[in-house]
Amino acid sequence: MVSAVGEEIVTGETRLMGEFLDYGFKKEHFEKVQRGMWKLVHEEGGTARRAQSEALEIAGRTGVSDSSNPKDPSCAWFTAFAPYENPQLAICVLVENAENGGEVCAPIARRILEQALGESEVALEKLDAAAGHSNRVSTVEFESEEVRP
């Protein structure tokens, strides 16, 4: 893992810390959660429809964490895994001061998953630090693709 300034902050290989089933979770309950996450991305009315990919079957869950202080920004998030049938990678995208996870975080997660799992080619280049602002984020769109329903 690398920090925003290119400094390596985690080294070594990742390792599995435990299995859900070892902690009392029942397989059928776990499968229902997975199927529900798939439905949020792939079925009409799902909050994560913008995570749909032609190259990769993604499942996920959206959300927003509101602050108790109205002056503090809320955070939108999207947690996902892919490919659905044989998960290789899980991700959580969180964007501060965003309206909802489906519109803002899901398309970002889709692009990351497609790139990380080798389903699309993107030329990577280091960018200069971006000047920030506090404008609320309502949606994210990429120039290279059409907006998904």
# chains A, B, ... in the order shown; residues from 1 in each chain; ligands from 1
call {"tool": "residues_around", "arguments": {"residues": "A:Asn86", "least_positions_apart": "3", "cutoff": "12 Å", "atoms": "only C-alpha atoms", "output": "PyMOL selection string"}}
result
chain A and resi 34+56-59+81-83+89-90
call {"tool": "write_last_selection", "arguments": {"atoms": "all heavy atoms", "output": "PDB file, in the first residue's frame"}}
result
ATOM      1  N   GLN A  34     -24.731 -11.840   0.432  1.00  0.00           N
ATOM      2  CA  GLN A  34     -24.063 -11.705  -0.860  1.00  0.00           C
ATOM      3  C   GLN A  34     -25.065 -11.483  -1.986  1.00  0.00           C
ATOM      4  O   GLN A  34     -24.874 -10.628  -2.850  1.00  0.00           O
ATOM      5  CB  GLN A  34     -23.228 -12.955  -1.172  1.00  0.00           C
ATOM      6  CG  GLN A  34     -21.979 -13.074  -0.343  1.00  0.00           C
ATOM      7  CD  GLN A  34     -21.243 -14.355  -0.657  1.00  0.00           C
ATOM      8  OE1 GLN A  34     -21.786 -15.445  -0.525  1.00  0.00           O
ATOM      9  NE2 GLN A  34     -19.995 -14.212  -1.068  1.00  0.00           N
ATOM     10  N   LEU A  56     -17.214  -7.152 -15.621  1.00  0.00           N
ATOM     11  CA  LEU A  56     -17.023  -7.762 -14.311  1.00  0.00           C
ATOM     12  C   LEU A  56     -18.334  -7.769 -13.547  1.00  0.00           C
ATOM     13  O   LEU A  56     -19.057  -6.780 -13.551  1.00  0.00           O
ATOM     14  CB  LEU A  56     -15.994  -6.903 -13.569  1.00  0.00           C
ATOM     15  CG  LEU A  56     -15.342  -7.381 -12.317  1.00  0.00           C
ATOM     16  CD1 LEU A  56     -14.561  -8.661 -12.560  1.00  0.00           C
ATOM     17  CD2 LEU A  56     -14.392  -6.295 -11.818  1.00  0.00           C
ATOM     18  N   GLU A  57     -18.660  -8.869 -12.886  1.00  0.00           N
ATOM     19  CA  GLU A  57     -19.883  -8.929 -12.082  1.00  0.00           C
ATOM     20  C   GLU A  57     -19.559  -8.474 -10.660  1.00  0.00           C
ATOM     21  O   GLU A  57     -18.835  -9.136  -9.928  1.00  0.00           O
ATOM     22  CB  GLU A  57     -20.455 -10.345 -12.081  1.00  0.00           C
ATOM     23  CG  GLU A  57     -21.860 -10.406 -11.588  1.00  0.00           C
ATOM     24  CD  GLU A  57     -22.504 -11.759 -11.839  1.00  0.00           C
ATOM     25  OE1 GLU A  57     -21.795 -12.734 -12.107  1.00  0.00           O
ATOM     26  OE2 GLU A  57     -23.731 -11.818 -11.747  1.00  0.00           O
ATOM     27  N   ILE A  58     -20.108  -7.323 -10.287  1.00  0.00           N
ATOM     28  CA  ILE A  58     -19.823  -6.666  -9.009  1.00  0.00           C
ATOM     29  C   ILE A  58     -21.056  -6.739  -8.110  1.00  0.00           C
ATOM     30  O   ILE A  58     -22.180  -6.619  -8.581  1.00  0.00           O
ATOM     31  CB  ILE A  58     -19.427  -5.191  -9.243  1.00  0.00           C
ATOM     32  CG1 ILE A  58     -18.148  -5.120 -10.083  1.00  0.00           C
ATOM     33  CG2 ILE A  58     -19.274  -4.435  -7.928  1.00  0.00           C
ATOM     34  CD1 ILE A  58     -17.801  -3.722 -10.563  1.00  0.00           C
ATOM     35  N   ALA A  59     -20.829  -6.912  -6.817  1.00  0.00           N
ATOM     36  CA  ALA A  59     -21.896  -6.850  -5.821  1.00  0.00           C
ATOM     37  C   ALA A  59     -21.487  -5.816  -4.783  1.00  0.00           C
ATOM     38  O   ALA A  59     -20.305  -5.673  -4.479  1.00  0.00           O
ATOM     39  CB  ALA A  59     -22.095  -8.208  -5.161  1.00  0.00           C
ATOM     40  N   PHE A  81     -17.534  -6.165  -3.713  1.00  0.00           N
ATOM     41  CA  PHE A  81     -16.576  -7.236  -3.999  1.00  0.00           C
ATOM     42  C   PHE A  81     -16.797  -7.711  -5.425  1.00  0.00           C
ATOM     43  O   PHE A  81     -17.866  -7.529  -6.003  1.00  0.00           O
ATOM     44  CB  PHE A  81     -16.688  -8.394  -2.991  1.00  0.00           C
ATOM     45  CG  PHE A  81     -17.987  -9.147  -3.035  1.00  0.00           C
ATOM     46  CD1 PHE A  81     -18.141 -10.249  -3.869  1.00  0.00           C
ATOM     47  CD2 PHE A  81     -19.059  -8.769  -2.239  1.00  0.00           C
ATOM     48  CE1 PHE A  81     -19.338 -10.956  -3.909  1.00  0.00           C
ATOM     49  CE2 PHE A  81     -20.259  -9.464  -2.266  1.00  0.00           C
ATOM     50  CZ  PHE A  81     -20.399 -10.571  -3.103  1.00  0.00           C
ATOM     51  N   ALA A  82     -15.769  -8.327  -5.995  1.00  0.00           N
ATOM     52  CA  ALA A  82     -15.847  -8.832  -7.364  1.00  0.00           C
ATOM     53  C   ALA A  82     -14.736  -9.852  -7.586  1.00  0.00           C
ATOM     54  O   ALA A  82     -13.733  -9.833  -6.877  1.00  0.00           O
ATOM     55  CB  ALA A  82     -15.714  -7.676  -8.367  1.00  0.00           C
ATOM     56  N   PRO A  83     -14.901 -10.712  -8.564  1.00  0.00           N
ATOM     57  CA  PRO A  83     -16.139 -11.038  -9.252  1.00  0.00           C
ATOM     58  C   PRO A  83     -17.106 -11.761  -8.312  1.00  0.00           C
ATOM     59  O   PRO A  83     -16.696 -12.414  -7.364  1.00  0.00           O
ATOM     60  CB  PRO A  83     -15.720 -11.951 -10.396  1.00  0.00           C
ATOM     61  CG  PRO A  83     -14.267 -12.223 -10.232  1.00  0.00           C
ATOM     62  CD  PRO A  83     -13.755 -11.455  -9.091  1.00  0.00           C
ATOM     63  N   LEU A  89     -11.447  -9.575  -4.784  1.00  0.00           N
ATOM     64  CA  LEU A  89     -11.107  -8.280  -4.219  1.00  0.00           C
ATOM     65  C   LEU A  89     -12.338  -7.630  -3.597  1.00  0.00           C
ATOM     66  O   LEU A  89     -13.434  -7.707  -4.147  1.00  0.00           O
ATOM     67  CB  LEU A  89     -10.559  -7.368  -5.333  1.00  0.00           C
ATOM     68  CG  LEU A  89      -9.986  -6.017  -4.939  1.00  0.00           C
ATOM     69  CD1 LEU A  89      -8.787  -6.183  -4.011  1.00  0.00           C
ATOM     70  CD2 LEU A  89      -9.574  -5.252  -6.181  1.00  0.00           C
ATOM     71  N   ALA A  90     -12.146  -7.022  -2.439  1.00  0.00           N
ATOM     72  CA  ALA A  90     -13.194  -6.235  -1.787  1.00  0.00           C
ATOM     73  C   ALA A  90     -12.677  -4.812  -1.645  1.00  0.00           C
ATOM     74  O   ALA A  90     -11.473  -4.591  -1.504  1.00  0.00           O
ATOM     75  CB  ALA A  90     -13.529  -6.811  -0.417  1.00  0.00           C
TER      76      ALA A  90
END
call {"tool": "select_by_dssp", "arguments": {"residues": "stretch 51-132 of chain A", "states": "helix (DSSP H, G or I)", "output": "list in words"}}
result
Ala51, Gly101, Gly102, Glu103, Val104, Cys105, Ala106, Pro107, Ile108, Ala109, Arg110, Arg111, Ile112, Leu113, Glu114, Gln115 and Ala116 of chain A
call {"tool": "residues_around", "arguments": {"residues": "A:Arg49", "least_positions_apart": "4", "cutoff": "12 Å", "atoms": "only C-alpha atoms", "output": "JSON, numbers by chain"}}
result
{"A": [37, 38, 39, 40, 41, 42, 43, 44, 45, 53, 57, 58, 59, 60, 61, 62, 78, 101, 102, 103, 104, 105, 106, 107, 109, 110, 147, 148, 149]}
call {"tool": "write_last_selection", "arguments": {"atoms": "N, CA, C and O atoms", "output": "compact mmCIF listing (two decimals), in the first residue's frame"}}
result
# COMPACT_ATOMS: atom_id res chain seq x y z
N MET A 37 -26.46 -8.02 -1.93
CA MET A 37 -25.49 -7.07 -2.47
C MET A 37 -25.48 -7.12 -3.99
O MET A 37 -25.34 -6.09 -4.66
N TRP A 38 -25.65 -8.30 -4.56
CA TRP A 38 -25.72 -8.44 -6.01
C TRP A 38 -26.95 -7.70 -6.53
O TRP A 38 -26.90 -6.99 -7.53
N LYS A 39 -28.10 -7.88 -5.85
CA LYS A 39 -29.34 -7.25 -6.29
C LYS A 39 -29.24 -5.72 -6.28
O LYS A 39 -29.81 -5.06 -7.15
N LEU A 40 -28.55 -5.15 -5.30
CA LEU A 40 -28.41 -3.69 -5.24
C LEU A 40 -27.70 -3.13 -6.46
O LEU A 40 -27.93 -1.99 -6.86
N VAL A 41 -26.84 -3.93 -7.08
CA VAL A 41 -26.10 -3.49 -8.27
C VAL A 41 -26.86 -3.83 -9.55
O VAL A 41 -26.86 -3.05 -10.49
N HIS A 42 -27.54 -4.97 -9.58
CA HIS A 42 -28.05 -5.49 -10.85
C HIS A 42 -29.56 -5.43 -11.05
O HIS A 42 -30.02 -5.59 -12.18
N GLU A 43 -30.33 -5.21 -10.01
CA GLU A 43 -31.79 -5.20 -10.19
C GLU A 43 -32.35 -3.78 -10.24
O GLU A 43 -31.79 -2.87 -9.63
N GLU A 44 -33.46 -3.64 -10.96
CA GLU A 44 -34.15 -2.36 -11.06
C GLU A 44 -34.43 -1.82 -9.66
O GLU A 44 -34.88 -2.54 -8.79
N GLY A 45 -34.13 -0.54 -9.45
CA GLY A 45 -34.37 0.08 -8.15
C GLY A 45 -33.21 -0.07 -7.17
O GLY A 45 -33.25 0.50 -6.09
N SER A 53 -20.93 -3.31 -14.40
CA SER A 53 -19.81 -3.35 -15.32
C SER A 53 -20.08 -4.38 -16.41
O SER A 53 -20.59 -5.46 -16.11
N GLU A 57 -18.66 -8.87 -12.89
CA GLU A 57 -19.88 -8.93 -12.08
C GLU A 57 -19.56 -8.47 -10.66
O GLU A 57 -18.83 -9.14 -9.93
N ILE A 58 -20.11 -7.32 -10.29
CA ILE A 58 -19.82 -6.67 -9.01
C ILE A 58 -21.06 -6.74 -8.11
O ILE A 58 -22.18 -6.62 -8.58
N ALA A 59 -20.83 -6.91 -6.82
CA ALA A 59 -21.90 -6.85 -5.82
C ALA A 59 -21.49 -5.82 -4.78
O ALA A 59 -20.31 -5.67 -4.48
N GLY A 60 -22.46 -5.08 -4.23
CA GLY A 60 -22.06 -4.04 -3.27
C GLY A 60 -23.21 -3.47 -2.47
O GLY A 60 -24.38 -3.83 -2.67
N ARG A 61 -22.87 -2.57 -1.58
CA ARG A 61 -23.83 -1.91 -0.69
C ARG A 61 -23.47 -0.44 -0.57
O ARG A 61 -22.30 -0.09 -0.40
N THR A 62 -24.47 0.42 -0.67
CA THR A 62 -24.25 1.87 -0.55
C THR A 62 -24.67 2.37 0.81
O THR A 62 -25.39 1.70 1.54
N PHE A 78 -19.48 3.22 -0.53
CA PHE A 78 -19.90 2.04 -1.29
C PHE A 78 -18.89 0.96 -1.01
O PHE A 78 -17.68 1.14 -1.19
N GLY A 101 -23.89 7.19 -1.80
CA GLY A 101 -22.89 6.24 -2.26
C GLY A 101 -23.13 5.70 -3.64
O GLY A 101 -22.19 5.39 -4.37
N GLY A 102 -24.39 5.58 -4.04
CA GLY A 102 -24.70 5.03 -5.36
C GLY A 102 -24.29 5.94 -6.50
O GLY A 102 -23.76 5.48 -7.51
N GLU A 103 -24.49 7.23 -6.34
CA GLU A 103 -24.16 8.18 -7.40
C GLU A 103 -22.68 8.56 -7.41
O GLU A 103 -22.10 8.79 -8.46
N VAL A 104 -22.08 8.64 -6.25
CA VAL A 104 -20.71 9.15 -6.14
C VAL A 104 -19.68 8.04 -6.03
O VAL A 104 -18.70 8.01 -6.77
N CYS A 105 -19.87 7.12 -5.11
CA CYS A 105 -18.84 6.12 -4.80
C CYS A 105 -18.88 4.88 -5.68
O CYS A 105 -17.84 4.30 -5.99
N ALA A 106 -20.09 4.44 -6.08
CA ALA A 106 -20.20 3.22 -6.88
C ALA A 106 -19.44 3.28 -8.20
O ALA A 106 -18.72 2.33 -8.54
N PRO A 107 -19.54 4.38 -8.98
CA PRO A 107 -18.77 4.39 -10.24
C PRO A 107 -17.26 4.43 -10.01
O PRO A 107 -16.49 3.89 -10.80
N ALA A 109 -15.70 2.94 -7.44
CA ALA A 109 -15.35 1.57 -7.07
C ALA A 109 -15.33 0.66 -8.29
O ALA A 109 -14.43 -0.19 -8.44
N ARG A 110 -16.31 0.84 -9.19
CA ARG A 110 -16.34 0.01 -10.40
C ARG A 110 -15.06 0.19 -11.21
O ARG A 110 -14.44 -0.79 -11.63
N VAL A 147 -23.24 7.38 -18.87
CA VAL A 147 -23.81 7.27 -17.53
C VAL A 147 -24.69 6.04 -17.47
O VAL A 147 -25.49 5.79 -18.37
N ARG A 148 -24.54 5.26 -16.42
CA ARG A 148 -25.34 4.04 -16.26
C ARG A 148 -26.63 4.37 -15.51
O ARG A 148 -26.66 5.26 -14.71
N PRO A 149 -27.70 3.62 -15.80
CA PRO A 149 -28.98 3.88 -15.15
C PRO A 149 -28.92 3.59 -13.65
O PRO A 149 -28.14 2.85 -13.19
call {"tool": "atom_distance", "arguments": {"atom1": "atom CA of A:Cys75", "atom2": "atom CA of A:Asn97"}}
result
5.4 Å
